[in-house]
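Below is the file start37.txt, which contains compact mmCIF, C-alpha atoms.
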```txt
# COMPACT_ATOMS: atom_id res chain seq x y z
CA MET O 1 -0.84 -9.37 19.39
CA ILE O 2 -3.56 -9.36 16.74
CA THR O 3 -4.04 -12.61 14.85
CA ALA O 4 -6.34 -13.85 12.14
CA ALA O 5 -8.26 -17.10 12.59
CA LYS O 6 -7.10 -18.71 9.34
CA THR O 7 -4.45 -17.56 6.89
CA ILE O 8 -3.64 -18.57 3.33
CA PRO O 9 -0.32 -18.70 1.46
CA ILE O 10 0.51 -15.79 -0.83
CA ASP O 11 0.24 -17.95 -3.97
CA LYS O 12 -3.38 -18.72 -3.06
CA LEU O 13 -4.09 -14.98 -2.71
CA VAL O 14 -2.53 -14.39 -6.14
CA SER O 15 -4.60 -17.13 -7.73
CA GLY O 16 -7.74 -15.69 -6.09
CA LEU O 17 -6.97 -12.19 -7.37
CA ARG O 18 -6.39 -13.57 -10.88
CA GLN O 19 -9.85 -15.17 -10.85
CA LEU O 20 -11.70 -11.98 -9.94
CA PRO O 21 -13.59 -10.21 -12.72
CA GLU O 22 -12.59 -6.73 -13.82
CA SER O 23 -15.77 -5.37 -12.19
CA ALA O 24 -14.44 -6.35 -8.74
CA PHE O 25 -11.69 -3.71 -9.06
CA SER O 26 -13.95 -0.69 -9.61
CA PRO O 27 -15.80 -0.22 -6.32
CA ILE O 28 -13.48 -0.50 -3.32
CA GLU O 29 -15.48 -2.89 -1.13
CA PRO O 30 -15.10 -6.21 -3.07
CA ILE O 31 -11.27 -6.25 -2.91
CA ARG O 32 -11.19 -4.92 0.67
CA ARG O 33 -13.54 -7.74 1.67
CA PHE O 34 -11.48 -10.26 -0.32
CA LEU O 35 -8.33 -9.20 1.58
CA GLN O 36 -10.16 -9.32 4.90
CA ASP O 37 -11.52 -12.81 4.17
CA ASN O 38 -8.12 -14.08 2.94
CA PRO O 39 -5.38 -12.92 5.33
CA VAL O 40 -1.95 -14.02 4.13
CA ASN O 41 0.30 -16.35 6.08
CA ALA O 42 3.48 -14.41 6.95
CA GLU O 43 5.81 -17.40 6.39
CA SER O 44 4.70 -17.69 2.75
CA LEU O 45 6.00 -14.17 2.04
CA GLY O 46 9.67 -15.11 2.56
CA PRO O 47 10.83 -14.68 -1.08
CA TYR O 48 9.26 -11.20 -1.22
CA LEU O 49 10.69 -9.75 1.98
CA THR O 50 13.73 -7.50 1.71
CA TRP O 51 14.67 -4.94 4.32
CA ASP O 52 16.63 -1.69 4.13
CA ARG O 53 17.44 0.40 7.21
CA GLN O 54 17.34 3.61 5.14
CA HIS O 55 14.03 3.23 3.28
CA TYR O 56 11.07 0.89 3.04
CA THR O 57 11.30 -1.60 0.16
CA ARG O 58 8.81 -2.26 -2.67
CA ASN O 59 8.70 -5.89 -3.77
CA LEU O 60 6.59 -6.91 -6.76
CA ILE O 61 4.68 -10.17 -6.28
CA ASP O 62 2.29 -10.21 -9.26
CA ARG O 63 1.36 -7.89 -12.12
CA THR O 64 -1.34 -8.21 -14.76
CA PRO O 65 -2.97 -5.56 -16.98
CA LEU O 66 -5.76 -5.40 -14.34
CA TYR O 67 -3.77 -5.07 -11.10
CA GLU O 68 -0.41 -5.25 -9.39
CA LEU O 69 0.37 -6.76 -6.00
CA MET O 70 3.42 -5.88 -3.97
CA ALA O 71 4.83 -6.41 -0.50
CA ILE O 72 6.27 -3.32 1.18
CA CYS O 73 8.69 -3.96 4.06
CA TRP O 74 8.81 -1.34 6.83
CA GLU O 75 11.54 -1.08 9.43
CA ILE O 76 10.57 0.51 12.74
CA GLY O 77 10.00 4.25 12.25
CA GLN O 78 9.84 4.26 8.44
CA VAL O 79 7.26 6.47 6.74
CA SER O 80 6.24 6.91 3.10
CA SER O 81 5.95 10.29 1.44
CA VAL O 82 2.46 11.71 1.20
CA HIS O 83 1.39 10.47 -2.25
CA ASN O 84 -1.40 9.56 -4.65
CA HIS O 85 -1.95 6.49 -6.86
CA ARG O 86 -2.58 8.04 -10.27
CA ASP O 87 -6.37 7.65 -10.03
CA GLN O 88 -6.06 3.91 -9.41
CA ASN O 89 -7.82 2.17 -6.55
CA CYS O 90 -5.60 0.89 -3.77
CA TRP O 91 -6.11 -1.71 -1.08
CA MET O 92 -3.69 -2.55 1.71
CA ALA O 93 -3.45 -5.52 4.06
CA VAL O 94 -0.88 -6.06 6.82
CA PRO O 95 0.14 -9.70 7.37
CA ILE O 96 3.02 -8.71 9.68
CA GLY O 97 2.84 -5.98 12.34
CA ARG O 98 0.61 -2.93 12.35
CA LEU O 99 0.74 0.26 10.29
CA LEU O 100 -1.03 3.62 10.27
CA VAL O 101 -2.47 5.35 7.22
CA GLU O 102 -2.79 9.15 7.39
CA ASN O 103 -5.32 10.44 4.86
CA PHE O 104 -5.39 13.95 3.41
CA HIS O 105 -7.82 16.07 1.43
CA LEU O 106 -6.19 17.76 -1.57
CA VAL O 107 -7.61 21.29 -1.47
CA ASP O 108 -5.77 22.43 -4.60
CA GLN O 109 -2.80 21.44 -6.72
CA ASP O 110 -0.68 23.12 -9.37
CA LEU O 111 1.55 20.26 -10.47
CA GLN O 112 3.31 22.36 -13.12
CA GLY O 113 4.11 25.01 -10.51
CA GLY O 114 4.91 22.40 -7.84
CA ARG O 115 2.43 23.87 -5.34
CA CYS O 116 -0.40 22.25 -3.39
CA ARG O 117 -2.55 22.65 -0.31
CA LEU O 118 -3.58 19.65 1.82
CA GLU O 119 -5.75 19.24 4.89
CA PRO O 120 -5.43 16.25 7.24
CA LEU O 121 -8.52 14.02 7.25
CA ASN O 122 -8.01 11.02 9.54
CA THR O 123 -5.67 8.23 10.56
CA VAL O 124 -6.56 4.54 10.47
CA GLU O 125 -4.71 1.48 11.73
CA MET O 126 -4.14 -1.58 9.57
CA ASN O 127 -3.35 -5.03 10.97
CA ILE O 128 -3.83 -8.66 9.96
CA SER O 129 -7.57 -8.59 10.62
CA GLN O 130 -8.19 -5.05 9.38
CA PRO O 131 -7.15 -4.22 5.79
CA CYS O 132 -8.14 -0.89 4.30
CA ALA O 133 -8.95 0.74 0.99
CA VAL O 134 -7.88 4.20 -0.09
CA ASP O 135 -10.90 6.47 -0.55
CA PRO O 136 -11.13 7.34 -4.28
CA ALA O 137 -12.63 10.74 -3.34
CA ASP O 138 -9.59 11.59 -1.17
CA PRO O 139 -6.76 9.29 -2.33
CA VAL O 140 -3.80 11.28 -0.97
CA HIS O 141 -2.19 9.54 2.03
CA ARG O 142 0.98 8.29 3.69
CA VAL O 143 1.78 5.03 5.49
CA LEU O 144 3.71 4.97 8.77
CA ASN O 145 5.35 2.35 10.95
CA PRO O 146 5.58 4.47 14.13
CA ARG O 147 8.51 3.87 16.47
CA ASP O 148 6.18 3.37 19.41
CA LEU O 149 4.70 0.24 17.78
CA GLY O 150 8.20 -1.23 18.13
CA GLU O 151 8.16 -3.83 15.35
CA ARG O 152 8.86 -4.36 11.68
CA ALA O 153 5.80 -4.53 9.45
CA VAL O 154 4.86 -5.76 5.99
CA SER O 155 1.97 -4.42 3.94
CA LEU O 156 0.49 -5.98 0.83
CA HIS O 157 -0.73 -3.42 -1.71
CA VAL O 158 -3.14 -4.14 -4.56
CA TYR O 159 -3.50 -1.40 -7.19
CA SER O 160 -6.40 -1.58 -9.63
CA ARG O 161 -4.08 -0.96 -12.59
CA PRO O 162 -0.28 -0.92 -12.61
CA PHE O 163 1.38 2.51 -12.64
CA ASP O 164 5.01 3.63 -12.65
CA THR O 165 4.80 7.24 -11.43
CA CYS O 166 2.93 9.08 -8.71
CA VAL O 167 2.68 12.56 -7.24
CA VAL O 168 4.31 13.17 -3.86
CA TYR O 169 3.30 16.03 -1.60
CA SER O 170 4.83 17.99 1.27
CA PRO O 171 1.89 19.20 3.40
CA GLU O 172 4.33 21.20 5.54
CA GLN O 173 5.88 23.09 2.62
CA GLY O 174 2.88 23.11 0.27
CA THR O 175 4.89 21.55 -2.55
CA CYS O 176 4.28 18.61 -4.89
CA GLY O 177 5.96 16.83 -7.77
CA GLU O 178 5.93 13.69 -9.85
CA ILE O 179 8.33 10.83 -9.11
CA GLN O 180 9.24 7.59 -10.88
CA LEU O 181 8.50 4.41 -8.91
CA HIS O 182 10.75 1.35 -8.76
CA PHE O 183 10.81 -2.09 -7.19
CA ASN O 184 13.60 -3.45 -5.00
CA THR O 185 12.71 -7.00 -6.08
CA GLU O 186 10.46 -8.46 -8.76
CA TYR O 187 8.83 -11.88 -8.36
CA GLY O 188 11.17 -12.71 -5.48
CA LYS O 189 14.40 -11.78 -7.31
CA PRO O 190 16.60 -8.68 -6.78
CA LYS O 191 16.45 -6.10 -9.56
```
For the file at hand, write its structure as structure tokens.
Amino acid sequence: MITAAKTIPIDKLVSGLRQLPESAFSPIEPIRRFLQDNPVNAESLGPYLTWDRQHYTRNLIDRTPLYELMAICWEIGQVSSVHNHRDQNCWMAVPIGRLLVENFHLVDQDLQGGRCRLEPLNTVEMNISQPCAVDPADPVHRVLNPRDLGERAVSLHVYSRPFDTCVVYSPEQGTCGEIQLHFNTEYGKPK
């Protein structure tokens, strides 16, 4: 089991994010380092954890004009669609379990025609001591909680600006399209 030396409650992470200047959200390293230096205590996430056997859940923790923070709860074997983040930076930390991020290079895209071509780039593991940032040059990715890891997982996602839609891709079929995003809970309360 991977553990972090010292963890902080989620409200302390929120207050730290709210104190960061806008300039911290442009390059990817400052927020990645902030998440690495401030791993979140799993017990403090209780109000934001909801589980669904059919699909991972998106649970809003904090939202300002500068960023949004959410907890995503992953049952064993759940996988996101391959997606982008609408040209916003994204950082992910994993206070519970381990997750994999598969990154893709978008070779070409015709959103109007619903066609795309992707090439796999790499796969990285996230855990409590190893957060990651999505590469702005190649932001298309998916997150997986593989069955062989054998445990539920929770990821915290920070987006540099809030957004309500994204593009999802099927690398296998070469198709893409825009979808509307929703939260299962907001600020610890069901929607």
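Distances from O:Ser15, O:Ser155, O:Gln78, O:Ser170 to Glu119 in chain O were compared using only C-alpha atoms, and the smallest one belongs to O:Ser170.
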**Message:** Using all atoms listed in the file, can you tell me which of O:Trp74, O:Trp91, O:Phe104, O:Tyr169 comes closest to Ala153 in chain O?
**Reply:** O:Trp74
**Request:** Starting from the point (-5.3, 1.8, 11.2), work out which residues of protein, DNA or RNA have an atom no more than 10 Å away when counting all atoms listed in the file; state them as a PyMOL selection string.
**Result:** chain O and resi 98-102+122-127+130-132+143-144
**Asked** Counting all atoms listed in the file, which of O:Ser26, O:Thr175, O:Thr185, O:Asn84 gets nearest to Leu60 in chain O?
**Response** O:Thr185
**Asked** Can you tell me, as a ChimeraX atom specification, what residues are no more than 12 Å from Glu172 in chain O when counting all atoms listed in the file, ignoring any on the same chain fewer than 4 positions away?
**Response** /O:81-82,115-120,176
